[in-house]
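Participant: The structure file protein.cif (mmCIF, C-alpha atoms) is provided below.
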data_run
#
loop_
_atom_site.label_atom_id
_atom_site.label_comp_id
_atom_site.auth_asym_id
_atom_site.auth_seq_id
_atom_site.Cartn_x
_atom_site.Cartn_y
_atom_site.Cartn_z
CA MET A 97 153.64 167.33 185.66
CA ASN A 98 153.61 163.56 186.18
CA PHE A 99 155.26 162.56 182.93
CA GLN A 100 158.41 160.68 182.09
CA VAL A 101 160.40 161.45 178.97
CA VAL A 102 162.28 159.00 176.80
CA VAL A 103 164.89 160.68 174.60
CA LEU A 104 166.06 158.51 171.72
CA ALA A 105 169.56 159.92 171.25
CA GLY A 106 171.02 157.51 168.68
CA GLY A 107 174.70 156.65 168.63
CA LEU A 108 177.25 156.47 165.84
CA SER A 109 174.68 157.31 163.19
CA LYS A 110 175.59 156.16 159.68
CA THR A 111 173.66 159.07 158.19
CA MET A 112 176.04 161.48 159.95
CA TYR A 113 179.27 159.95 158.62
CA PRO A 114 182.02 161.17 158.86
CA LEU A 115 181.00 163.61 161.60
CA VAL A 116 180.45 161.11 164.42
CA SER A 117 183.20 159.17 166.14
CA LYS A 118 183.69 156.96 169.19
CA ASP A 119 184.55 160.10 171.16
CA VAL A 120 181.73 162.26 169.76
CA PRO A 121 178.49 160.34 169.14
CA LYS A 122 175.63 162.06 167.36
CA ALA A 123 174.07 163.35 170.60
CA LEU A 124 177.21 165.36 171.39
CA LEU A 125 177.84 166.87 167.96
CA PRO A 126 178.19 170.64 168.32
CA VAL A 127 175.16 172.42 166.90
CA GLY A 128 175.21 176.17 167.29
CA ASN A 129 178.36 175.60 169.37
CA ARG A 130 176.42 173.48 171.88
CA PRO A 131 175.97 169.69 172.15
CA LEU A 132 172.94 168.62 170.12
CA LEU A 133 171.34 166.78 173.04
CA SER A 134 171.32 169.94 175.17
CA TYR A 135 168.45 171.41 173.13
CA VAL A 136 166.08 168.54 173.93
CA LEU A 137 167.05 168.37 177.60
CA GLU A 138 166.53 172.11 178.07
CA LEU A 139 163.24 171.93 176.16
CA VAL A 140 162.01 169.29 178.61
CA GLU A 141 163.40 171.17 181.60
CA ALA A 142 161.48 174.31 180.55
CA SER A 143 158.21 172.39 181.07
CA ASN A 144 159.31 171.36 184.57
CA ILE A 145 159.55 167.68 183.68
CA LYS A 146 162.50 166.21 185.55
CA ASP A 147 162.40 162.44 185.00
CA ILE A 148 164.23 161.57 181.78
CA ILE A 149 165.57 158.37 180.22
CA VAL A 150 168.17 158.97 177.51
CA VAL A 151 168.51 155.94 175.24
CA VAL A 152 171.83 155.70 173.41
CA SER A 153 172.81 153.14 170.78
CA GLY A 154 176.00 151.38 171.81
CA ASP A 155 177.70 151.09 175.20
CA ASP A 156 180.68 153.29 174.30
CA ALA A 157 178.42 156.07 173.03
CA ALA A 158 176.23 155.71 176.12
CA LEU A 159 179.29 156.15 178.34
CA CYS A 160 180.26 159.36 176.53
CA VAL A 161 176.74 160.74 176.74
CA GLY A 162 176.40 159.71 180.39
CA ASN A 163 179.59 161.51 181.36
CA TRP A 164 178.48 164.68 179.63
CA VAL A 165 174.96 164.58 181.12
CA THR A 166 176.38 164.08 184.61
CA GLU A 167 178.56 167.13 184.24
CA ALA A 168 176.03 169.39 182.54
CA PHE A 169 172.72 168.49 184.24
CA HIS A 170 173.52 166.67 187.49
CA ASP A 171 171.84 169.30 189.67
CA ARG A 172 169.00 170.10 187.28
CA LEU A 173 167.38 166.89 186.01
CA ARG A 174 167.02 163.23 186.95
CA VAL A 175 168.54 161.60 183.88
CA GLU A 176 169.17 157.90 183.43
CA VAL A 177 171.31 157.06 180.40
CA SER A 178 170.61 153.60 179.06
CA GLY A 179 172.69 151.91 176.38
CA VAL A 180 170.97 149.59 173.91
CA SER A 181 172.14 147.53 170.97
CA GLU A 182 173.30 149.61 168.00
CA ASP A 183 171.05 147.78 165.53
CA LEU A 184 167.74 148.60 167.25
CA ASP A 185 165.16 150.81 165.54
CA THR A 186 163.16 153.34 167.54
CA ALA A 187 160.26 151.14 168.70
CA GLU A 188 162.74 148.37 169.52
CA ALA A 189 164.80 150.80 171.60
CA LEU A 190 161.62 151.93 173.38
CA ARG A 191 160.74 148.29 174.08
CA ALA A 192 164.20 147.73 175.57
CA VAL A 193 163.68 150.44 178.21
CA SER A 194 159.92 150.13 178.72
CA HIS A 195 160.48 148.43 182.09
CA LEU A 196 161.86 151.76 183.37
CA LEU A 197 158.55 153.53 182.72
CA THR A 198 156.25 154.01 185.69
CA ALA A 199 154.22 157.18 184.97
CA ASP A 200 150.72 156.84 183.50
CA ASP A 201 151.83 158.76 180.41
CA PHE A 202 155.21 159.43 178.89
CA LEU A 203 156.79 161.44 176.12
CA VAL A 204 159.15 160.12 173.44
CA VAL A 205 161.41 162.72 171.85
CA SER A 206 164.02 162.30 169.16
CA GLY A 207 167.39 163.40 170.51
CA ASP A 208 168.15 165.31 167.30
CA LEU A 209 165.14 167.60 167.63
CA VAL A 210 165.82 171.34 167.90
CA CYS A 211 162.54 172.98 168.77
CA ASP A 212 160.82 175.66 170.84
CA VAL A 213 157.38 174.05 171.03
CA PRO A 214 156.70 173.50 174.77
CA VAL A 215 156.59 169.77 175.47
CA GLY A 216 154.34 170.59 178.40
CA ALA A 217 151.71 171.83 175.96
CA VAL A 218 151.85 168.55 174.05
CA ALA A 219 151.59 166.60 177.32
CA ALA A 220 148.63 168.69 178.46
CA ALA A 221 146.81 168.20 175.15
CA HIS A 222 147.42 164.45 175.45
CA ARG A 223 145.90 164.32 178.93
CA ARG A 224 143.01 166.56 177.95
CA GLN A 225 142.10 164.32 175.01
CA GLY A 226 142.63 161.07 176.94
CA ALA A 227 144.55 159.83 173.91
CA LEU A 228 146.45 156.68 172.97
CA VAL A 229 149.07 158.86 171.34
CA THR A 230 149.48 162.56 170.68
CA ALA A 231 151.85 163.52 167.87
CA LEU A 232 153.51 166.91 167.44
CA LEU A 233 153.11 168.12 163.85
CA TRP A 234 154.61 171.27 162.39
CA PRO A 235 154.20 173.05 159.04
CA HIS A 236 156.74 172.41 156.29
CA PRO A 237 159.43 175.11 156.30
CA SER A 238 159.10 177.17 153.15
CA THR A 239 160.89 180.40 153.97
CA PRO A 240 164.06 181.33 152.07
CA ASN A 241 167.20 179.82 153.55
CA SER A 242 170.88 179.99 152.76
CA GLU A 243 171.85 178.31 149.56
CA THR A 244 172.52 174.62 149.89
CA ALA A 245 175.13 172.65 148.02
CA SER A 246 172.56 171.86 145.34
CA GLY A 247 171.73 175.53 144.86
CA ASP A 248 168.24 175.20 146.34
CA LYS A 249 167.40 178.33 148.35
CA THR A 250 164.44 176.83 150.20
CA LYS A 251 164.16 173.83 152.47
CA GLN A 252 162.07 171.39 150.47
CA PRO A 253 161.66 167.88 151.88
CA THR A 254 162.50 165.01 149.55
CA THR A 255 159.67 162.98 151.09
CA PHE A 256 156.55 163.99 152.95
CA ASP A 257 153.84 162.56 155.17
CA ILE A 258 150.17 162.34 154.31
CA ILE A 259 148.12 163.21 157.37
CA GLY A 260 144.38 162.73 157.82
CA LEU A 261 142.69 164.94 160.43
CA ASN A 262 139.17 165.43 161.72
CA SER A 263 137.38 168.75 161.35
CA THR A 264 138.86 170.20 164.54
CA HIS A 265 142.42 169.20 163.54
CA GLN A 266 142.82 167.57 166.96
CA GLN A 267 142.37 163.93 166.01
CA LEU A 268 144.75 161.92 163.84
CA LEU A 269 142.74 159.65 161.54
CA TYR A 270 145.28 158.59 158.95
CA VAL A 271 149.03 158.68 158.46
CA SER A 272 151.22 157.53 155.59
CA THR A 273 154.93 158.27 155.91
CA GLY A 274 157.81 158.75 153.49
CA MET A 275 155.70 159.54 150.42
CA GLN A 276 157.51 160.86 147.34
CA SER A 277 154.43 161.71 145.31
CA ALA A 278 150.78 162.28 146.16
CA ARG A 279 149.57 161.31 142.69
CA ASP A 280 149.08 157.65 143.58
CA PHE A 281 147.59 158.30 147.00
CA GLN A 282 144.36 156.43 147.65
CA VAL A 283 142.12 156.11 150.69
CA ARG A 284 140.17 152.93 151.29
CA SER A 285 136.42 153.39 151.17
CA SER A 286 136.12 151.43 154.41
CA LEU A 287 138.20 154.11 156.14
CA LEU A 288 136.02 156.90 154.78
CA ARG A 289 132.90 155.05 155.92
CA ALA A 290 134.37 154.72 159.40
CA VAL A 291 135.50 158.33 159.85
CA GLY A 292 132.73 160.02 157.91
CA GLN A 293 134.82 163.06 157.01
CA MET A 294 138.56 163.58 156.90
CA GLU A 295 140.83 166.44 155.86
CA ILE A 296 143.98 165.32 154.01
CA ARG A 297 147.13 167.37 154.69
CA THR A 298 150.53 167.15 153.01
CA ASP A 299 151.94 170.34 154.56
CA LEU A 300 152.66 168.89 158.01
CA VAL A 301 155.80 167.17 159.29
CA ASP A 302 155.97 164.56 162.03
CA ALA A 303 158.38 166.13 164.53
CA HIS A 304 159.18 162.80 166.24
CA LEU A 305 157.78 164.03 169.54
CA TYR A 306 154.96 161.88 170.92
CA ALA A 307 152.97 161.50 174.12
CA PHE A 308 151.85 157.93 174.84
CA ASN A 309 149.60 156.11 177.26
CA ARG A 310 152.10 153.87 179.06
CA LEU A 311 150.05 150.73 179.74
CA LEU A 312 148.56 150.64 176.27
CA VAL A 313 151.89 151.07 174.51
CA GLN A 314 153.66 148.59 176.77
CA GLY A 315 150.95 146.09 175.90
CA VAL A 316 151.31 146.65 172.16
CA LEU A 317 155.11 146.44 172.23
CA GLU A 318 155.01 143.26 174.30
CA SER A 319 152.37 141.50 172.22
CA ARG A 320 153.64 142.61 168.81
CA PRO A 321 157.41 142.06 168.51
CA GLY A 322 157.28 142.99 164.82
CA GLN A 323 156.83 146.67 165.76
CA LYS A 324 160.27 148.13 164.95
CA SER A 325 159.80 151.84 164.18
CA ILE A 326 157.72 154.32 166.16
CA LYS A 327 156.95 156.48 163.14
CA HIS A 328 156.49 153.77 160.53
CA ASP A 329 154.98 150.96 162.66
CA LEU A 330 153.72 151.91 166.12
CA VAL A 331 151.97 155.22 165.42
CA PRO A 332 150.28 154.09 162.16
CA TYR A 333 149.18 150.92 163.95
CA LEU A 334 147.57 152.87 166.78
CA VAL A 335 145.95 155.26 164.29
CA ARG A 336 144.42 152.35 162.36
CA SER A 337 143.39 150.56 165.53
CA GLN A 338 141.50 153.47 167.08
CA LEU A 339 138.67 152.72 164.66
CA GLY A 340 137.92 149.69 166.80
CA LEU A 341 137.70 151.60 170.09
CA GLY A 342 134.01 152.04 170.83
CA VAL A 343 131.91 153.80 173.44
CA SER A 344 131.20 150.73 175.51
CA SER A 345 130.90 151.73 179.15
CA THR A 346 133.24 148.88 180.04
CA ILE A 347 135.98 150.83 178.25
CA VAL A 348 135.27 154.50 178.77
CA GLY A 349 133.95 154.30 182.30
CA SER A 350 136.30 151.71 183.76
CA PRO A 351 139.67 152.06 185.50
CA LEU A 352 142.72 152.28 183.23
CA GLU A 353 143.83 148.71 183.93
CA ASP A 354 140.43 147.35 182.84
CA ARG A 355 140.46 149.60 179.79
CA VAL A 356 143.83 148.20 178.80
CA GLU A 357 142.45 144.67 178.85
CA ASN A 358 139.52 145.69 176.67
CA VAL A 359 141.73 147.75 174.36
CA ASN A 360 144.14 144.87 173.88
CA HIS A 361 141.18 142.75 172.85
CA LEU A 362 139.99 145.39 170.40
CA LEU A 363 143.49 145.77 168.96
CA ASP A 364 143.54 142.09 168.12
CA ALA A 365 143.27 141.68 164.33
CA GLU A 366 140.19 139.47 164.45
CA ALA A 367 138.40 141.47 167.09
CA PHE A 368 139.23 144.70 165.29
CA GLY A 369 137.10 143.70 162.32
CA LYS A 370 134.15 142.79 164.55
CA ASN A 371 134.18 145.85 166.81
CA ARG A 372 134.66 148.71 164.36
CA LEU A 373 132.53 151.72 165.24
CA GLN A 374 132.39 155.29 164.11
CA VAL A 375 135.63 157.01 165.18
CA ALA A 376 133.68 160.15 166.02
CA HIS A 377 132.24 158.27 169.02
CA SER A 378 135.51 156.70 170.12
CA GLY A 379 136.36 156.71 173.81
CA LEU A 380 140.10 156.56 173.12
CA LYS A 381 141.77 158.19 170.18
CA CYS A 382 144.96 159.38 168.54
CA SER A 383 145.46 163.12 168.84
CA THR A 384 147.62 165.83 167.32
CA TYR A 385 149.26 168.99 168.53
CA ILE A 386 149.95 171.25 165.55
CA ALA A 387 152.65 173.83 166.16
CA SER A 388 151.99 177.37 165.01
CA LYS A 389 154.00 178.70 162.09
CA ASP A 390 155.96 181.10 164.28
CA ARG A 391 157.51 178.19 166.20
CA TYR A 392 160.87 176.70 165.24
CA CYS A 393 161.12 172.95 164.80
CA SER A 394 163.72 170.94 162.91
CA ARG A 395 165.67 167.69 163.16
CA VAL A 396 169.38 167.13 162.67
CA ASN A 397 168.93 163.84 160.83
CA SER A 398 171.20 164.31 157.80
CA LEU A 399 174.37 166.14 156.81
CA GLN A 400 172.37 168.80 155.01
CA ALA A 401 170.09 169.22 158.02
CA TYR A 402 173.18 169.64 160.20
CA LEU A 403 174.28 172.58 158.05
CA ASP A 404 170.77 174.04 157.88
CA VAL A 405 170.10 173.90 161.62
CA ASN A 406 173.48 175.39 162.49
CA ARG A 407 172.78 178.32 160.18
CA ASP A 408 169.24 178.68 161.56
CA LEU A 409 170.60 178.85 165.11
CA ALA A 410 172.89 181.68 164.07
CA GLY A 411 169.98 183.50 162.41
CA PRO A 412 166.91 185.36 163.63
CA GLU A 413 164.46 182.45 163.53
CA ALA A 414 166.22 180.26 166.09
CA ILE A 415 169.01 182.20 167.82
CA HIS A 416 166.83 182.41 170.95
CA LEU A 417 167.29 178.66 171.46
CA THR A 418 171.03 179.05 172.03
CA GLY A 419 170.83 181.51 174.91
CA TYR A 420 173.58 183.61 173.31
CA THR A 421 173.62 187.39 173.20
CA VAL A 422 173.34 188.79 169.68
CA SER A 423 175.48 191.78 168.74
CA THR A 424 174.30 194.88 166.94
CA GLN A 425 175.75 193.29 163.77
CA ASN A 426 173.33 190.34 164.19
CA ASN A 427 176.07 187.84 164.96
CA VAL A 428 177.46 186.04 168.02
CA ILE A 429 181.14 186.71 168.73
CA HIS A 430 182.45 185.38 172.01
CA GLU A 431 184.19 187.97 174.14
CA THR A 432 187.36 185.85 174.35
CA SER A 433 187.75 185.51 170.57
CA GLU A 434 190.17 187.70 168.63
CA MET A 435 189.94 189.19 165.15
CA GLY A 436 192.85 190.37 163.02
CA TRP A 437 193.15 193.52 160.94
CA LYS A 438 190.32 193.96 158.39
CA SER A 439 188.75 190.60 159.24
CA THR A 440 184.95 190.48 159.16
CA VAL A 441 182.30 188.23 160.67
CA GLY A 442 179.05 188.78 158.83
CA PRO A 443 175.46 188.69 160.06
CA TYR A 444 174.07 185.34 161.23
CA CYS A 445 177.48 183.92 162.11
CA MET A 446 178.99 182.54 165.30
CA LEU A 447 182.59 182.75 166.49
CA GLY A 448 183.26 180.60 169.53
CA ASP A 449 185.18 180.89 172.77
CA GLY A 450 188.90 181.46 172.36
CA SER A 451 188.98 181.34 168.56
CA THR A 452 191.25 183.70 166.62
CA LEU A 453 191.15 185.11 163.11
CA GLY A 454 194.21 186.37 161.24
CA GLU A 455 194.21 189.38 158.94
CA ARG A 456 191.70 189.91 156.11
CA CYS A 457 189.52 186.93 156.95
CA SER A 458 185.88 186.74 155.91
CA ILE A 459 183.19 184.60 157.56
CA LYS A 460 179.72 184.53 156.01
CA ARG A 461 176.65 182.56 157.19
CA SER A 462 178.87 180.15 159.12
CA VAL A 463 179.44 178.78 162.61
CA VAL A 464 183.01 178.60 163.91
CA GLY A 465 183.52 176.70 167.14
CA ARG A 466 185.78 177.03 170.17
CA HIS A 467 189.56 177.50 170.16
CA CYS A 468 189.95 177.49 166.38
CA ARG A 469 193.02 179.04 164.78
CA ILE A 470 192.13 180.73 161.51
CA GLY A 471 195.04 182.15 159.50
CA SER A 472 195.11 185.23 157.30
CA ASN A 473 193.17 185.68 154.04
CA VAL A 474 190.83 182.79 154.88
CA LYS A 475 187.25 182.67 153.60
CA ILE A 476 184.56 180.55 155.31
CA ILE A 477 181.16 180.58 153.58
CA ASN A 478 177.96 178.69 154.49
CA SER A 479 179.92 176.21 156.59
CA VAL A 480 180.33 174.74 160.06
CA VAL A 481 183.79 174.58 161.62
CA MET A 482 183.77 172.66 164.91
CA ASN A 483 186.28 172.98 167.77
CA TYR A 484 190.10 173.14 167.84
CA VAL A 485 190.34 173.41 164.05
CA THR A 486 193.41 174.96 162.38
CA VAL A 487 192.91 176.67 159.02
CA GLU A 488 196.11 178.01 157.53
CA ASP A 489 196.61 181.11 155.36
CA GLY A 490 194.77 181.54 152.08
CA SER A 491 192.31 178.67 152.52
CA LEU A 492 188.70 178.56 151.37
CA ILE A 493 185.86 176.58 152.99
CA GLN A 494 182.46 176.67 151.31
CA ASN A 495 179.26 174.66 152.00
CA SER A 496 181.29 172.26 154.12
CA ILE A 497 181.42 170.71 157.59
CA ILE A 498 184.81 170.59 159.30
CA CYS A 499 185.01 168.39 162.41
CA SER A 500 187.09 169.03 165.50
CA ASN A 501 190.91 168.86 165.47
CA VAL A 502 191.10 169.06 161.67
CA ILE A 503 194.08 170.83 160.08
CA LEU A 504 193.71 172.56 156.73
CA GLN A 505 197.12 173.46 155.48
CA GLU A 506 197.85 176.62 153.50
CA ARG A 507 195.78 177.48 150.42
CA SER A 508 193.60 174.39 150.69
CA MET A 509 190.14 174.73 149.13
CA LEU A 510 187.11 172.71 150.16
CA LYS A 511 183.65 172.93 148.63
CA ASP A 512 180.64 170.73 149.52
CA CYS A 513 182.82 168.51 151.72
CA GLN A 514 182.57 166.83 155.11
CA VAL A 515 185.87 166.35 156.94
CA GLY A 516 186.00 163.90 159.84
CA PRO A 517 187.74 164.48 163.19
CA GLY A 518 191.50 164.85 163.18
CA TYR A 519 191.91 164.75 159.40
CA VAL A 520 194.76 166.68 157.78
CA VAL A 521 194.14 168.35 154.41
CA GLY A 522 197.42 168.95 152.59
CA PRO A 523 198.60 172.31 151.23
CA ARG A 524 197.06 173.67 148.02
CA MET A 525 194.61 170.79 147.74
CA GLU A 526 191.32 171.51 145.95
CA ILE A 527 188.59 169.08 146.97
CA LYS A 528 184.94 169.16 146.00
CA GLY A 529 182.02 167.00 147.09
CA GLU A 530 183.90 164.44 149.18
CA ALA A 531 183.68 162.94 152.66
CA LEU A 532 187.15 162.78 154.18
CA ALA A 533 187.94 160.66 157.24
CA LYS A 534 190.94 159.12 158.94
CA LYS A 535 191.26 155.35 158.61
CA GLU A 536 190.29 153.57 161.79
CA LYS A 537 193.11 151.70 163.50
CA LEU A 538 192.49 147.96 163.82
#
Please go through the file and, once you have read it, give me the structure as structure tokens.

Facilitator:
Amino acid sequence: MNFQVVVLAGGLSKTMYPLVSKDVPKALLPVGNRPLLSYVLELVEASNIKDIIVVVSGDDAALCVGNWVTEAFHDRLRVEVSGVSEDLDTAEALRAVSHLLTADDFLVVSGDLVCDVPVGAVAAAHRRQGALVTALLWPHPSTPNSETASGDKTKQPTTFDIIGLNSTHQQLLYVSTGMQSARDFQVRSSLLRAVGQMEIRTDLVDAHLYAFNRLLVQGVLESRPGQKSIKHDLVPYLVRSQLGLGVSSTIVGSPLEDRVENVNHLLDAEAFGKNRLQVAHSGLKCSTYIASKDRYCSRVNSLQAYLDVNRDLAGPEAIHLTGYTVSTQNNVIHETSEMGWKSTVGPYCMLGDGSTLGERCSIKRSVVGRHCRIGSNVKIINSVVMNYVTVEDGSLIQNSIICSNVILQERSMLKDCQVGPGYVVGPRMEIKGEALAKKEKL
């Protein structure tokens, strides 16, 4: 399939503090005991798309990601890792690497997406519709999940998108992002006159996976430097602008380069008002690909999401994405790990390569990484413990994230905490609801 893929992998994300570090940028955080970026790269590989540009914020983070990609995918994919300034938003990052794009169409995927929707299906729908943009949408998750720190047993988004679709649900007519309440939502009468009929949906999530027409998007990004965010600026702009794309034979019947010239004219603010036609007759349009409810799709874009996705990957809805073999006890215990007398690893848990448990340990709905040393009488509940972590006797970890190389000394108790790499928690300390991190050396 003649597509390129741009993966926006982020860098030292502030929303993931204190998990990320100069040695482990967001793209390499362990999720389900695998680097986060591996899920997107394997998703793309499964659709036989080989040409990938990974965009990383910051040169140091780009170097880390580049080294890992070279080792993990050197004989499987053609991956170019490109570092961009750390302060760039998504559309700005896309603009910075747009000169590397040569295919007629390309995909943009968020590097924190964990998903089993075939990107090839999205690409095919985009080509079939001849669209400006095709956005992957998926239904809000509403199934019971493990209890979060707030006590909420279901994944309920704090904000939602308002999506307007045509009658076939294949054309995107309206999008408003980051809404907190639908009570004040209003649609302009001019929009309703233009589209004729529109179905309003609040149960769909923008998955941050898009297919774009290259020449059209390059033209927009070049001519409109104020476009900063793909979700909040570029996609809504294209959705609004499609109302000005008519059925003139000079657009629909002409080569792509000529269409781009005409489209750029129609996207101009003044021309847009003069050329508005019924969207039902549009030659170019914005399309959607709506994932079925049995597909898994989630983003690791917050600390809570990091916990949720890790637990999902250890559970029945998403374990297939990891490639691990599930035991008859519905857990994943690496063959090189060791368990002490009367220690238990419950269903929907992971215990990584080379990790050891002392006596009378209990692990419930948690992911424990590689080469961890867990003492005796330790309880780990609804938590993620990364790699090379030492947890001494009698400790309790609940609803927490413990980064690599952390030491929890004896009888320490953590609840609703995030502990950064290399931190040492003293003996018998009881800590609740804090982010703990080592001070950076100047």

Participant: In Å to one decimal, how far is atom CA of A:Ile527 from atom CA of A:Glu506?

Facilitator: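 Going from atom CA of A:Glu506 over to atom CA of A:Ile527, I get 13.6 Å.
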
Participant: Determine the nearest neighbour of A:Gly454 from the options A:Ala227, A:Val140, A:Val441, A:Ile470, counting all atoms listed in the file.

Facilitator: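 For A:Gly454, the nearest of the candidates is A:Ile470.
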
Participant: Could you give me, as a PDB file with C-alpha atoms, in the coordinates of the input, the residues that sit within 10 Å of (165.8, 173.7, 167.5) in the file's coordinates, counting all atoms listed in the file?

Facilitator:
ATOM      1  CA  VAL A 127     175.160 172.420 166.900  1.00  0.00           C
ATOM      2  CA  GLY A 128     175.210 176.170 167.290  1.00  0.00           C
ATOM      3  CA  LEU A 132     172.940 168.620 170.120  1.00  0.00           C
ATOM      4  CA  TYR A 135     168.450 171.410 173.130  1.00  0.00           C
ATOM      5  CA  VAL A 136     166.080 168.540 173.930  1.00  0.00           C
ATOM      6  CA  LEU A 139     163.240 171.930 176.160  1.00  0.00           C
ATOM      7  CA  ASP A 208     168.150 165.310 167.300  1.00  0.00           C
ATOM      8  CA  LEU A 209     165.140 167.600 167.630  1.00  0.00           C
ATOM      9  CA  VAL A 210     165.820 171.340 167.900  1.00  0.00           C
ATOM     10  CA  CYS A 211     162.540 172.980 168.770  1.00  0.00           C
ATOM     11  CA  ASP A 212     160.820 175.660 170.840  1.00  0.00           C
ATOM     12  CA  VAL A 213     157.380 174.050 171.030  1.00  0.00           C
ATOM     13  CA  ARG A 391     157.510 178.190 166.200  1.00  0.00           C
ATOM     14  CA  TYR A 392     160.870 176.700 165.240  1.00  0.00           C
ATOM     15  CA  CYS A 393     161.120 172.950 164.800  1.00  0.00           C
ATOM     16  CA  SER A 394     163.720 170.940 162.910  1.00  0.00           C
ATOM     17  CA  ARG A 395     165.670 167.690 163.160  1.00  0.00           C
ATOM     18  CA  VAL A 396     169.380 167.130 162.670  1.00  0.00           C
ATOM     19  CA  VAL A 405     170.100 173.900 161.620  1.00  0.00           C
ATOM     20  CA  ASN A 406     173.480 175.390 162.490  1.00  0.00           C
ATOM     21  CA  ASP A 408     169.240 178.680 161.560  1.00  0.00           C
ATOM     22  CA  LEU A 409     170.600 178.850 165.110  1.00  0.00           C
ATOM     23  CA  GLU A 413     164.460 182.450 163.530  1.00  0.00           C
ATOM     24  CA  ALA A 414     166.220 180.260 166.090  1.00  0.00           C
ATOM     25  CA  ILE A 415     169.010 182.200 167.820  1.00  0.00           C
ATOM     26  CA  HIS A 416     166.830 182.410 170.950  1.00  0.00           C
ATOM     27  CA  LEU A 417     167.290 178.660 171.460  1.00  0.00           C
ATOM     28  CA  THR A 418     171.030 179.050 172.030  1.00  0.00           C
TER      29      THR A 418
END

Participant: I would like the residues chosen by the PyMOL selection byres ((chain A and resi 427) around 8) on the shown file; could you give them as a PyMOL selection string?

Facilitator: chain A and resi 410-411+422-426+428-429+441-446

Participant: Give me the residues near A:Ala192 as a ChimeraX atom specification, where near means some atom within 10 Å (using all atoms listed in the file) and where sequence neighbours in that chain fewer than 3 positions away do not count.

Facilitator: /A:151,178-181,184,186-189,195-196,317

Participant: Excluding same-chain residues fewer than 2 positions from A:Val152, what lies within 6 Å of it counting all atoms listed in the file, as JSON, numbers by chain?

Facilitator: {"A": [105, 106, 107, 158, 179]}

Participant: For each of A:Val205, A:Trp234, A:Phe99, A:Ala157, take the minimum atom-to-atom distance to A:Leu137, counting all atoms listed in the file, then give the residue where this is smallest.

Facilitator: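 Closest to A:Leu137, using all atoms listed in the file: A:Val205.
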
Participant: Kindly give the distance, in Å, that separates atom CA of A:Ile145 and atom CA of A:Ala220, rounded to a single decimal.

Facilitator: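 Atom CA of A:Ala220 lies 12.1 Å from atom CA of A:Ile145.
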
Participant: Using the chain letters and numbers from the file, give me the residues hit by the PyMOL selection byres ((chain A and resi 479-492) around 7), as a PyMOL selection string.

Facilitator: chain A and resi 126+403+462-478+493-510

Participant: Hey, can you spit out that residue selection with C-alpha atoms as a compact mmCIF listing (two decimals), in the coordinates of the input?

Facilitator:
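File written: out38.txt
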# COMPACT_ATOMS: atom_id res chain seq x y z
CA PRO A 126 178.19 170.64 168.32
CA LEU A 403 174.28 172.58 158.05
CA SER A 462 178.87 180.15 159.12
CA VAL A 463 179.44 178.78 162.61
CA VAL A 464 183.01 178.60 163.91
CA GLY A 465 183.52 176.70 167.14
CA ARG A 466 185.78 177.03 170.17
CA HIS A 467 189.56 177.50 170.16
CA CYS A 468 189.95 177.49 166.38
CA ARG A 469 193.02 179.04 164.78
CA ILE A 470 192.13 180.73 161.51
CA GLY A 471 195.04 182.15 159.50
CA SER A 472 195.11 185.23 157.30
CA ASN A 473 193.17 185.68 154.04
CA VAL A 474 190.83 182.79 154.88
CA LYS A 475 187.25 182.67 153.60
CA ILE A 476 184.56 180.55 155.31
CA ILE A 477 181.16 180.58 153.58
CA ASN A 478 177.96 178.69 154.49
CA ILE A 493 185.86 176.58 152.99
CA GLN A 494 182.46 176.67 151.31
CA ASN A 495 179.26 174.66 152.00
CA SER A 496 181.29 172.26 154.12
CA ILE A 497 181.42 170.71 157.59
CA ILE A 498 184.81 170.59 159.30
CA CYS A 499 185.01 168.39 162.41
CA SER A 500 187.09 169.03 165.50
CA ASN A 501 190.91 168.86 165.47
CA VAL A 502 191.10 169.06 161.67
CA ILE A 503 194.08 170.83 160.08
CA LEU A 504 193.71 172.56 156.73
CA GLN A 505 197.12 173.46 155.48
CA GLU A 506 197.85 176.62 153.50
CA ARG A 507 195.78 177.48 150.42
CA SER A 508 193.60 174.39 150.69
CA MET A 509 190.14 174.73 149.13
CA LEU A 510 187.11 172.71 150.16

Participant: Rank nothing, just name the residue among A:Ile296, A:Ile148, A:Ala142, A:Met435 nearest to A:His265, using all atoms listed in the file.

Facilitator: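 Of A:Ile296, A:Ile148, A:Ala142, A:Met435, the one nearest A:His265, counting all atoms listed in the file, is A:Ile296.
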
Participant: Name the residues captured by the PyMOL selection byres ((chain A and resi 257) around 9) when it is applied to the shown file; answer as a PyMOL selection string.

Facilitator: chain A and resi 255-256+258-259+271-276+297-302

Participant: Within 9 Å of A:Val165, counting only C-alpha atoms, which residues show up once you throw out same-chain ones fewer than 5 positions away? Write them as a PDB file with C-alpha atoms, keeping the file's coordinate frame, please.

Facilitator:
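Output saved as part.pdb:
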ATOM      1  CA  SER A 134     171.320 169.940 175.170  1.00  0.00           C
ATOM      2  CA  CYS A 160     180.260 159.360 176.530  1.00  0.00           C
ATOM      3  CA  HIS A 170     173.520 166.670 187.490  1.00  0.00           C
ATOM      4  CA  VAL A 175     168.540 161.600 183.880  1.00  0.00           C
ATOM      5  CA  VAL A 177     171.310 157.060 180.400  1.00  0.00           C
TER       6      VAL A 177
END

Participant: For the atom pair atom CA of A:Thr440 and atom CA of A:Leu453, what is the interatomic distance in Å to one decimal place?

Facilitator: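 Separating atom CA of A:Thr440 from atom CA of A:Leu453 is a distance of 9.1 Å.
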